[in-house]
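J.: Structure supplied as input_5.cif; contents: mmCIF, C-alpha atoms.
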data_work
loop_
_atom_site.label_atom_id
_atom_site.label_comp_id
_atom_site.auth_asym_id
_atom_site.auth_seq_id
_atom_site.Cartn_x
_atom_site.Cartn_y
_atom_site.Cartn_z
CA ILE A 11 264.35 64.30 122.34
CA GLU A 12 263.93 62.99 118.85
CA ALA A 13 263.38 59.50 120.19
CA ALA A 14 260.72 60.85 122.58
CA GLN A 15 259.11 62.77 119.79
CA GLU A 16 258.93 59.73 117.59
CA GLN A 17 257.49 57.74 120.41
CA LEU A 18 254.87 60.44 120.97
CA GLU A 19 253.90 60.40 117.32
CA ILE A 20 253.64 56.65 117.45
CA ASP A 21 251.34 56.87 120.54
CA SER A 22 249.30 59.66 118.95
CA ALA A 23 248.76 57.60 115.81
CA ALA A 24 247.69 54.61 117.93
CA ALA A 25 245.28 56.80 119.89
CA MET A 26 243.78 58.19 116.69
CA THR A 27 243.34 54.66 115.36
CA SER A 28 241.66 53.57 118.57
CA LEU A 29 239.39 56.68 118.50
CA ARG A 30 238.32 55.95 114.92
CA GLU A 31 237.49 52.37 115.90
CA LYS A 32 235.44 53.48 118.87
CA ARG A 33 233.64 56.09 116.75
CA ALA A 34 232.77 53.40 114.24
CA THR A 35 231.48 51.26 117.08
CA VAL A 36 229.32 54.17 118.33
CA ASP A 37 227.95 54.76 114.82
CA ASP A 38 227.05 51.07 114.55
CA ALA A 39 225.31 51.24 117.95
CA LEU A 40 223.38 54.34 116.89
CA ALA A 41 222.34 52.65 113.67
CA LEU A 42 221.22 49.58 115.64
CA GLN A 43 219.30 51.79 118.08
CA ALA A 44 217.52 53.55 115.21
CA LYS A 45 216.69 50.19 113.66
CA LEU A 46 215.34 48.87 117.00
CA SER A 47 213.33 52.08 117.51
CA ASP A 48 211.73 51.62 114.08
CA THR A 49 210.99 48.01 114.89
CA LEU A 50 209.44 48.95 118.28
CA GLN A 51 207.31 51.63 116.69
CA GLY A 52 206.05 49.18 114.12
CA GLY A 53 205.31 46.69 116.91
CA SER A 54 203.37 49.33 118.84
CA LYS A 55 201.21 50.12 115.83
CA GLN A 56 200.61 46.43 115.27
CA MET A 57 199.74 46.02 118.98
CA GLU A 58 197.30 48.93 118.76
CA LYS A 59 195.62 47.33 115.77
CA ILE A 60 195.39 44.04 117.64
CA LEU A 61 193.87 45.78 120.68
CA ASN A 62 191.33 47.59 118.50
CA LYS A 63 190.42 44.37 116.82
CA ARG A 64 190.10 42.67 120.20
CA SER A 65 187.83 45.46 121.43
CA LEU A 66 185.61 45.08 118.37
CA LEU A 67 185.47 41.33 118.85
CA GLU A 68 184.55 41.74 122.54
CA GLN A 69 181.80 44.16 121.58
CA LYS A 70 180.47 41.70 119.00
CA GLN A 71 180.64 38.96 121.60
CA ALA A 72 178.63 41.11 124.06
CA ASP A 73 176.04 41.85 121.36
CA CYS A 74 175.75 38.17 120.50
CA THR A 75 175.41 37.26 124.18
CA ARG A 76 172.69 39.89 124.63
CA LYS A 77 170.79 38.65 121.60
CA ILE A 78 171.05 35.08 122.83
CA ARG A 79 169.77 36.15 126.24
CA GLU A 80 166.87 38.05 124.63
CA LEU A 81 165.91 34.92 122.72
CA GLY A 82 165.30 33.23 126.06
CA PRO A 83 166.62 29.94 127.36
CA LEU A 84 168.15 27.74 124.69
CA PRO A 85 166.48 24.39 124.05
CA SER A 86 168.19 21.24 125.26
CA ALA A 87 168.84 20.17 121.62
CA SER A 88 171.30 23.04 121.19
CA ASN A 89 174.03 21.01 122.91
CA ARG A 90 174.61 18.96 119.76
CA PHE A 91 175.80 22.08 117.87
CA GLN A 92 178.53 23.00 120.33
CA ASN A 93 181.05 20.47 118.96
CA LEU A 94 180.57 21.37 115.29
CA LYS A 95 183.36 22.95 113.32
CA LEU A 96 183.05 26.55 112.22
CA SER A 97 182.78 25.63 108.54
CA GLU A 98 180.02 23.11 109.26
CA SER A 99 178.16 25.64 111.43
CA ILE A 100 178.37 28.26 108.67
CA LYS A 101 177.04 25.81 106.06
CA MET A 102 174.18 24.79 108.37
CA LEU A 103 173.37 28.47 109.07
CA GLU A 104 173.26 29.21 105.33
CA ARG A 105 170.92 26.28 104.75
CA VAL A 106 168.64 27.38 107.56
CA ASN A 107 168.55 30.97 106.29
CA LYS A 108 167.69 29.65 102.82
CA ASP A 109 164.80 27.68 104.28
CA LEU A 110 163.63 30.71 106.25
CA ALA A 111 163.64 32.84 103.10
CA GLN A 112 160.74 30.73 101.79
CA TYR A 113 158.46 32.15 104.49
CA THR A 114 157.51 35.66 103.41
CA THR A 115 154.57 36.32 105.80
CA VAL A 116 156.43 35.84 109.06
CA ASN A 117 155.49 38.25 111.85
CA LYS A 118 158.80 39.95 112.52
CA LYS A 119 157.40 41.56 115.68
CA ALA A 120 156.56 38.21 117.22
CA VAL A 121 159.62 38.23 119.46
CA ASP A 122 158.91 41.73 120.75
CA GLN A 123 155.26 40.89 121.24
CA PHE A 124 156.17 37.69 123.02
CA ARG A 125 158.50 39.62 125.32
CA GLN A 126 155.80 42.25 125.95
CA PHE A 127 153.11 39.66 126.66
CA THR A 128 155.50 37.78 128.93
CA ASP A 129 156.04 40.95 130.98
CA GLN A 130 152.29 41.54 131.14
CA LEU A 131 151.76 37.95 132.25
CA GLU A 132 154.28 38.36 135.06
CA LYS A 133 152.60 41.58 136.22
CA LEU A 134 149.16 39.94 136.09
CA GLU A 135 150.45 36.94 138.04
CA LEU A 136 151.88 39.28 140.68
CA LYS A 137 148.63 41.21 140.87
CA LYS A 138 146.68 37.96 141.08
CA ASN A 139 148.78 36.80 144.03
CA GLU A 140 148.26 40.15 145.75
CA LEU A 141 144.49 39.92 145.20
CA ILE A 142 144.42 36.36 146.52
CA ALA A 143 146.29 37.47 149.65
CA ALA A 144 143.93 40.44 150.10
CA ALA A 145 140.89 38.20 149.60
CA THR A 146 142.21 35.82 152.24
CA GLU A 147 142.63 38.67 154.70
CA ILE A 148 139.14 40.00 153.92
CA ARG A 149 137.61 36.55 154.43
CA GLY A 150 139.38 36.29 157.76
CA LEU A 151 138.08 39.72 158.74
CA MET A 152 134.57 38.75 157.61
CA LYS A 153 134.70 35.63 159.77
CA ALA A 154 135.87 37.65 162.76
CA LEU A 155 133.13 40.25 162.22
CA GLU A 156 130.56 37.51 161.73
CA ALA A 157 131.58 35.95 165.04
CA LYS A 158 131.35 39.36 166.75
CA LYS A 159 127.97 39.97 165.11
CA ILE A 160 126.61 36.63 166.34
CA ASP A 161 127.89 37.28 169.87
CA SER A 162 126.44 40.79 169.84
CA ILE A 163 123.04 39.59 168.60
CA LYS A 164 122.89 36.84 171.18
CA ARG A 165 124.00 39.12 173.99
CA THR A 166 121.54 41.85 172.97
CA PHE A 167 118.68 39.39 172.58
CA LYS A 168 119.32 37.85 175.99
CA GLY A 169 119.39 41.30 177.61
CA VAL A 170 116.23 42.53 175.87
CA SER A 171 114.45 39.23 176.56
CA ARG A 172 115.32 39.37 180.26
CA HIS A 173 114.19 43.00 180.58
CA PHE A 174 111.00 42.33 178.58
CA LYS A 175 110.01 39.50 180.90
CA GLN A 176 110.64 41.65 183.98
CA ILE A 177 108.96 44.82 182.64
CA PHE A 178 105.90 42.97 181.35
CA SER A 179 105.44 41.39 184.78
CA GLU A 180 105.58 44.88 186.32
CA LEU A 181 103.03 46.29 183.88
CA VAL A 182 100.77 43.22 184.05
CA PRO A 183 101.24 41.56 187.47
CA ALA A 184 98.90 38.69 186.61
CA GLY A 185 100.46 38.04 183.20
CA SER A 186 103.77 36.99 181.72
CA GLY A 187 105.74 37.64 178.57
CA ALA A 188 108.80 36.34 176.76
CA LEU A 189 110.81 36.82 173.57
CA VAL A 190 111.63 33.71 171.54
CA MET A 191 114.01 33.23 168.60
CA GLN A 192 112.22 31.64 165.65
CA ARG A 193 113.92 28.87 163.66
CA PRO A 194 112.89 27.26 160.37
CA THR A 195 113.87 23.83 161.77
CA THR A 196 112.86 22.03 164.93
CA SER A 197 116.48 21.47 166.01
CA ALA A 198 116.98 23.44 169.21
CA ALA A 199 120.68 22.55 169.40
CA ASP A 200 121.60 24.56 166.29
CA GLU A 201 123.11 27.83 167.54
CA ASN A 202 123.96 29.29 164.12
CA ILE A 203 122.44 32.76 163.97
CA ASP A 204 121.73 32.38 160.24
CA LYS A 205 119.28 29.62 161.09
CA TYR A 206 116.99 32.10 162.88
CA THR A 207 114.18 33.75 160.92
CA GLY A 208 112.97 36.33 163.45
CA ILE A 209 111.79 37.01 166.98
CA ALA A 210 108.39 36.00 168.33
CA VAL A 211 106.67 37.82 171.20
CA LYS A 212 104.68 35.52 173.48
CA VAL A 213 102.47 37.09 176.16
CA SER A 214 99.66 36.18 178.51
CA PHE A 215 97.52 38.67 180.41
CA SER A 216 96.35 36.01 182.83
CA SER A 217 97.55 32.68 184.15
CA ALA A 218 96.68 31.06 180.81
CA GLU A 219 99.26 29.78 178.35
CA GLN A 220 101.29 32.38 176.45
CA GLN A 221 100.29 33.21 172.87
CA ASN A 222 102.16 34.74 169.95
CA MET A 223 101.36 38.34 169.13
CA ASP A 224 100.18 37.45 165.61
CA THR A 225 97.60 35.04 167.05
CA LEU A 226 96.70 37.16 170.10
CA SER A 227 93.03 38.11 170.02
CA GLY A 228 93.36 40.93 172.53
CA SER A 229 92.27 44.53 172.48
CA GLY A 230 94.20 47.40 170.99
CA GLY A 231 95.16 48.46 174.49
CA GLN A 232 96.75 45.09 175.21
CA LYS A 233 98.75 45.17 171.97
CA THR A 234 99.85 48.72 172.77
CA LEU A 235 100.98 47.58 176.21
CA VAL A 236 103.05 44.76 174.66
CA ALA A 237 104.69 47.27 172.28
CA LEU A 238 105.46 49.61 175.20
CA ALA A 239 106.97 46.73 177.18
CA LEU A 240 109.21 45.89 174.24
CA ILE A 241 110.27 49.56 173.88
CA PHE A 242 111.00 49.79 177.60
CA ALA A 243 113.00 46.55 177.40
CA ILE A 244 115.13 47.90 174.56
CA GLN A 245 115.56 51.13 176.56
CA ALA A 246 116.73 49.13 179.58
CA ALA A 247 119.21 47.13 177.48
CA ASP A 248 120.57 50.20 175.65
CA PRO A 249 119.65 53.38 177.57
CA ALA A 250 119.31 56.75 175.88
CA PRO A 251 119.44 60.26 177.42
CA PHE A 252 115.75 60.94 176.90
CA TYR A 253 112.63 59.49 175.23
CA LEU A 254 109.82 61.27 173.40
CA PHE A 255 106.35 59.62 173.43
CA ASP A 256 103.21 60.85 171.70
CA GLU A 257 99.94 59.78 173.38
CA ILE A 258 101.15 56.29 174.21
CA ASP A 259 98.28 55.88 176.69
CA SER A 260 95.40 56.80 174.38
CA ALA A 261 94.38 53.18 173.75
CA LEU A 262 95.16 51.80 177.22
CA ASP A 263 92.66 50.88 179.92
CA ASP A 264 92.72 52.70 183.25
CA THR A 265 94.60 49.87 184.97
CA TYR A 266 97.27 49.70 182.32
CA ARG A 267 97.56 53.50 182.19
CA ASN A 268 98.29 53.54 185.91
CA SER A 269 100.91 50.79 185.44
CA VAL A 270 102.60 52.67 182.59
CA ALA A 271 102.52 55.94 184.52
CA LYS A 272 104.01 54.28 187.58
CA PHE A 273 106.74 52.66 185.47
CA VAL A 274 107.60 55.95 183.71
CA LYS A 275 107.69 57.74 187.07
CA GLU A 276 110.12 55.16 188.44
CA LYS A 277 112.41 55.21 185.38
CA SER A 278 112.41 59.02 185.18
CA LYS A 279 114.86 59.07 188.10
CA THR A 280 117.65 58.16 185.69
CA THR A 281 116.18 58.99 182.25
CA GLN A 282 114.13 61.90 180.98
CA PHE A 283 110.69 61.19 179.46
CA ILE A 284 108.83 63.75 177.35
CA THR A 285 105.23 62.68 176.75
CA SER A 286 102.17 64.24 175.16
CA THR A 287 98.90 62.99 176.62
CA PHE A 288 95.23 63.73 177.28
CA ARG A 289 95.00 61.34 180.25
CA GLU A 290 95.51 62.38 183.82
CA GLU A 291 97.45 59.28 184.90
CA LEU A 292 100.63 60.33 183.08
CA VAL A 293 100.05 63.95 184.14
CA ARG A 294 99.99 62.99 187.82
CA ALA A 295 103.29 61.12 187.31
CA GLY A 296 104.99 64.12 185.68
CA ASP A 297 107.32 66.72 187.17
CA MET A 298 106.87 69.61 184.71
CA PHE A 299 103.82 70.49 182.59
CA PHE A 300 103.47 72.53 179.42
CA LEU A 301 100.26 73.53 177.68
CA ILE A 302 100.39 73.57 173.85
CA SER A 303 97.77 75.75 172.20
CA LEU A 304 97.07 76.94 168.68
CA VAL A 305 96.71 80.71 168.45
CA GLU A 306 96.06 82.23 165.01
CA GLY A 307 97.58 79.22 163.30
CA VAL A 308 100.73 79.27 165.42
CA SER A 309 101.55 76.73 168.14
CA LYS A 310 102.47 78.24 171.49
CA MET A 311 103.87 76.53 174.56
CA LYS A 312 103.22 77.69 178.13
CA LYS A 313 104.38 76.24 181.41
CA VAL A 314 101.45 75.47 183.74
CA SER A 315 100.86 73.85 187.10
CA ILE A 316 99.54 70.35 187.62
CA LYS A 317 96.15 71.70 188.61
CA ARG A 318 95.83 73.65 185.39
CA ALA A 319 97.00 70.63 183.42
CA LEU A 320 94.41 68.34 185.08
CA ARG A 321 91.68 70.93 184.51
CA VAL A 322 92.53 71.10 180.80
CA MET A 323 92.36 67.29 180.71
CA LYS A 324 88.90 67.30 182.24
CA GLN A 325 87.72 70.00 179.85
CA LYS A 326 89.00 67.98 176.92
CA LEU A 327 87.31 64.80 178.11
CA GLY A 328 84.11 66.71 178.83
CA ALA A 329 84.14 68.20 175.32
CA GLU A 330 84.66 64.75 173.81
CA ALA A 331 81.76 63.37 175.90
CA GLY A 332 79.46 66.21 174.67
CA THR A 333 78.70 67.66 178.16
CA THR A 334 78.40 71.39 178.86
CA ALA A 335 79.03 71.23 182.62
CA GLU A 336 81.78 73.37 183.94
CA VAL A 337 84.70 71.78 185.68
CA GLU A 338 84.83 72.32 189.41
CA GLU A 339 87.37 74.66 190.91
CA GLU A 340 87.58 76.62 187.69
CA GLY A 341 86.56 80.08 188.97
CA GLU A 342 88.82 81.74 191.42
CA GLU A 343 91.69 79.26 191.13
CA GLU A 344 91.87 79.76 187.40
CA GLU A 345 91.85 83.55 187.79
CA GLU A 346 94.54 83.31 190.47
CA GLU A 347 96.64 81.03 188.27
CA GLU A 348 96.22 83.28 185.27
CA GLY A 349 97.19 86.27 187.39
CA ALA A 350 100.22 84.41 188.71
CA SER A 351 101.11 83.34 185.17
CA GLN A 352 100.81 86.91 183.93
CA ALA A 353 102.98 88.09 186.84
CA GLU A 354 105.53 85.42 186.01
CA GLU A 355 105.48 86.43 182.35
CA LYS A 356 105.87 90.09 183.34
CA THR A 357 108.76 89.20 185.62
CA ASP A 358 110.36 87.21 182.84
CA GLU A 359 109.97 90.15 180.47
CA GLU A 360 111.52 92.51 182.98
CA ASP A 361 114.43 90.11 183.55
CA GLU A 362 114.93 89.79 179.82
CA GLU A 363 114.88 93.59 179.43
CA GLU A 364 117.40 93.95 182.26
CA ASN A 365 119.64 91.32 180.62
CA ARG A 366 119.46 93.18 177.32
CA ARG A 367 120.47 96.44 179.02
CA ARG A 368 123.38 94.67 180.74
CA ARG A 369 124.59 93.16 177.47
CA LYS A 370 124.35 96.57 175.80
CA ARG A 371 126.38 98.23 178.58
CA ARG A 372 128.94 95.42 178.41
CA ARG A 373 129.31 95.83 174.64
CA THR A 374 129.68 99.62 175.02
CA ARG A 375 132.33 99.16 177.70
CA ASP A 376 134.22 96.60 175.59
CA GLN A 377 134.15 98.91 172.58
CA GLY A 378 135.48 101.80 174.72
CA GLU A 379 138.31 99.64 176.00
CA GLU A 380 139.19 98.54 172.47
CA GLU A 381 139.25 102.18 171.27
CA GLU A 382 141.47 103.18 174.20
CA GLY A 383 143.81 100.28 173.43
CA GLU A 384 144.05 101.32 169.80
CA GLU A 385 144.79 104.93 170.81
CA GLU A 386 147.56 103.75 173.13
CA LYS A 387 149.04 101.68 170.34
CA GLU A 388 148.97 104.65 167.97
CA GLU A 389 150.66 106.86 170.59
#
Could you express the structure from this file as structure tokens?
T.:
Amino acid sequence: IEAAQEQLEIDSAAAMTSLREKRATVDDALALQAKLSDTLQGGSKQMEKILNKRSLLEQKQADCTRKIRELGPLPSASNRFQNLKLSESIKMLERVNKDLAQYTTVNKKAVDQFRQFTDQLEKLELKKNELIAAATEIRGLMKALEAKKIDSIKRTFKGVSRHFKQIFSELVPAGSGALVMQRPTTSAADENIDKYTGIAVKVSFSSAEQQNMDTLSGSGGQKTLVALALIFAIQAADPAPFYLFDEIDSALDDTYRNSVAKFVKEKSKTTQFITSTFREELVRAGDMFFLISLVEGVSKMKKVSIKRALRVMKQKLGAEAGTTAEVEEEGEEEEEEEGASQAEEKTDEEDEEENRRRRKRRRTRDQGEEEEGEEEKEE
């Protein structure tokens, strides 16, 4: 037992020695860990400083790059400064700044103004190109319209010329007429419409050679007939719904009045003609007749028969000739016509009165229906 107890004490002392050694080792490890932690913390702070410094340097580099870009493209001579040492570049920069300090009246806004004017120049160049393109398109359109205008003028002139020749032959069977384009030159092969100066009217009332209107020594009736032929030719080339003429036959001879009346009668199948006249030729060619009279300073229009219209014509011609003879067939026929006209007027008045009464009854009925509808809605 004593031997075992001694051995146990010996083992316990050895274990305590070993424990103290291991505790010392742990304390050394903890001290080393604390030292490494301090070193790592110091390295982190140093790394943070380096990163901040790097960020500042990158920002300065970006600012320098921006300023260089704002200055515009660098000249080709700048390549010789790339291989210089930093100290040499700094000395050269100081020398240049010293030289620049001698100039006190330098426009410091020159760079900004240059940049502004450069932008304006680019905008103006762009606008100029747009205007040039638009001008090109407009010139092309003008050429196309000019070509259409020339074709339209030629086509219209050919149509009017053909109709004038035909219509003049109908009005004057023994004569002939034509429309001719006038040119300042004698070249007949030039088809440019700008080379024409006008249109000449050449007519002949007999088998003789045609003459221009400005040299025609004819009567006023002949000139009027030429003008009517031209109007009818334009009407045939470009028809209109109706035509209004005012005493177109006043200066014409009897033969020409008959020709014009016959022509108007023929063309009135497709076109309406409204004509004022004091000659019986156009009256005989008409379909409806209206008498215009002045009563107490007011013009009044009245529909009459052809007989009444012809009688008024004869009375007018007789008054112009200074005769006092009465026109034949004036007595009973005139009274009968006046009676018939009065009866027609009375019938028209009665019809108008009946129409007014009908409209009044219709309005009354419509109002009653509306009132009934409103009452039903209210209910």
J.: Just to confirm, what's the straight-line distance from atom CA of A:Leu42 to atom CA of A:Met26 in Å (one decimal)?
T.: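 Between atom CA of A:Leu42 and atom CA of A:Met26 the gap is 24.2 Å.
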J.: Provide an axis-aligned box for all listed atoms of stretch 20-36 of chain A, padding each side by 3 Å; report its centre and its edge lengths in Å to one decimal, as JSON.
T.:
{"center_x": 241.5, "center_y": 55.5, "center_z": 117.4, "size_x": 30.3, "size_y": 14.4, "size_z": 12.3}
J.: So which residues get picked by the PyMOL selection byres ((chain A and resi 286) around 9) here, written as a list in words?
T.: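 Matching residues under the PyMOL selection byres ((chain A and resi 286) around 9) are Leu254, Phe255, Asp256, Glu257, Ile258, Ile284, Thr285, Thr287, Phe288 and Leu292 of chain A.
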J.: Determine the nearest neighbour of A:Gln245 from the options A:Lys312, A:Lys118, A:Lys108, A:His173, counting all atoms listed in the file.
T.: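 Of all the options, A:His173 lies closest to A:Gln245.
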J.: What does the distance between atom CA of A:Ser179 and atom CA of A:Phe242 come to in Å, to one decimal place?
T.: 12.4 Å
J.: To one decimal in Å, tell me the separation between atom CA of A:Thr166 and atom CA of A:Ala247.
T.: 7.3 Å
J.: Please write as a list in words the list of polymer residues whose atoms come within 12 Å of (92.8, 51.8, 177.8), counting all atoms listed in the file and keeping to the coordinates of the file.
T.: Ser229, Gly230, Gly231, Gln232, Lys233, Thr234, Leu235, Glu257, Ile258, Asp259, Ser260, Ala261, Leu262, Asp263, Asp264, Thr265, Tyr266, Arg267, Asn268, Ser269, Val270, Arg289 and Glu291 of chain A
J.: For the residues selected in the previous step, produce a file with C-alpha atoms as a PDB file, in the frame of the given file.
T.:
ATOM      1  CA  SER A 229      92.270  44.530 172.480  1.00  0.00           C
ATOM      2  CA  GLY A 230      94.200  47.400 170.990  1.00  0.00           C
ATOM      3  CA  GLY A 231      95.160  48.460 174.490  1.00  0.00           C
ATOM      4  CA  GLN A 232      96.750  45.090 175.210  1.00  0.00           C
ATOM      5  CA  LYS A 233      98.750  45.170 171.970  1.00  0.00           C
ATOM      6  CA  THR A 234      99.850  48.720 172.770  1.00  0.00           C
ATOM      7  CA  LEU A 235     100.980  47.580 176.210  1.00  0.00           C
ATOM      8  CA  GLU A 257      99.940  59.780 173.380  1.00  0.00           C
ATOM      9  CA  ILE A 258     101.150  56.290 174.210  1.00  0.00           C
ATOM     10  CA  ASP A 259      98.280  55.880 176.690  1.00  0.00           C
ATOM     11  CA  SER A 260      95.400  56.800 174.380  1.00  0.00           C
ATOM     12  CA  ALA A 261      94.380  53.180 173.750  1.00  0.00           C
ATOM     13  CA  LEU A 262      95.160  51.800 177.220  1.00  0.00           C
ATOM     14  CA  ASP A 263      92.660  50.880 179.920  1.00  0.00           C
ATOM     15  CA  ASP A 264      92.720  52.700 183.250  1.00  0.00           C
ATOM     16  CA  THR A 265      94.600  49.870 184.970  1.00  0.00           C
ATOM     17  CA  TYR A 266      97.270  49.700 182.320  1.00  0.00           C
ATOM     18  CA  ARG A 267      97.560  53.500 182.190  1.00  0.00           C
ATOM     19  CA  ASN A 268      98.290  53.540 185.910  1.00  0.00           C
ATOM     20  CA  SER A 269     100.910  50.790 185.440  1.00  0.00           C
ATOM     21  CA  VAL A 270     102.600  52.670 182.590  1.00  0.00           C
ATOM     22  CA  ARG A 289      95.000  61.340 180.250  1.00  0.00           C
ATOM     23  CA  GLU A 291      97.450  59.280 184.900  1.00  0.00           C
TER      24      GLU A 291
END
J.: Counting all atoms listed in the file, figure out which residue out of A:Arg125, A:Ala243, A:Glu104, A:Lys159 gets nearest to A:Ser171.
T.: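 Among the listed residues, A:Ala243 lies closest to A:Ser171.
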J.: With the PyMOL selection byres ((chain A and resi 296-299) around 8) as the selection, what would be picked from this file? Answer as a PyMOL selection string, please.
T.: chain A and resi 275+292-295+300-301+313-316+319
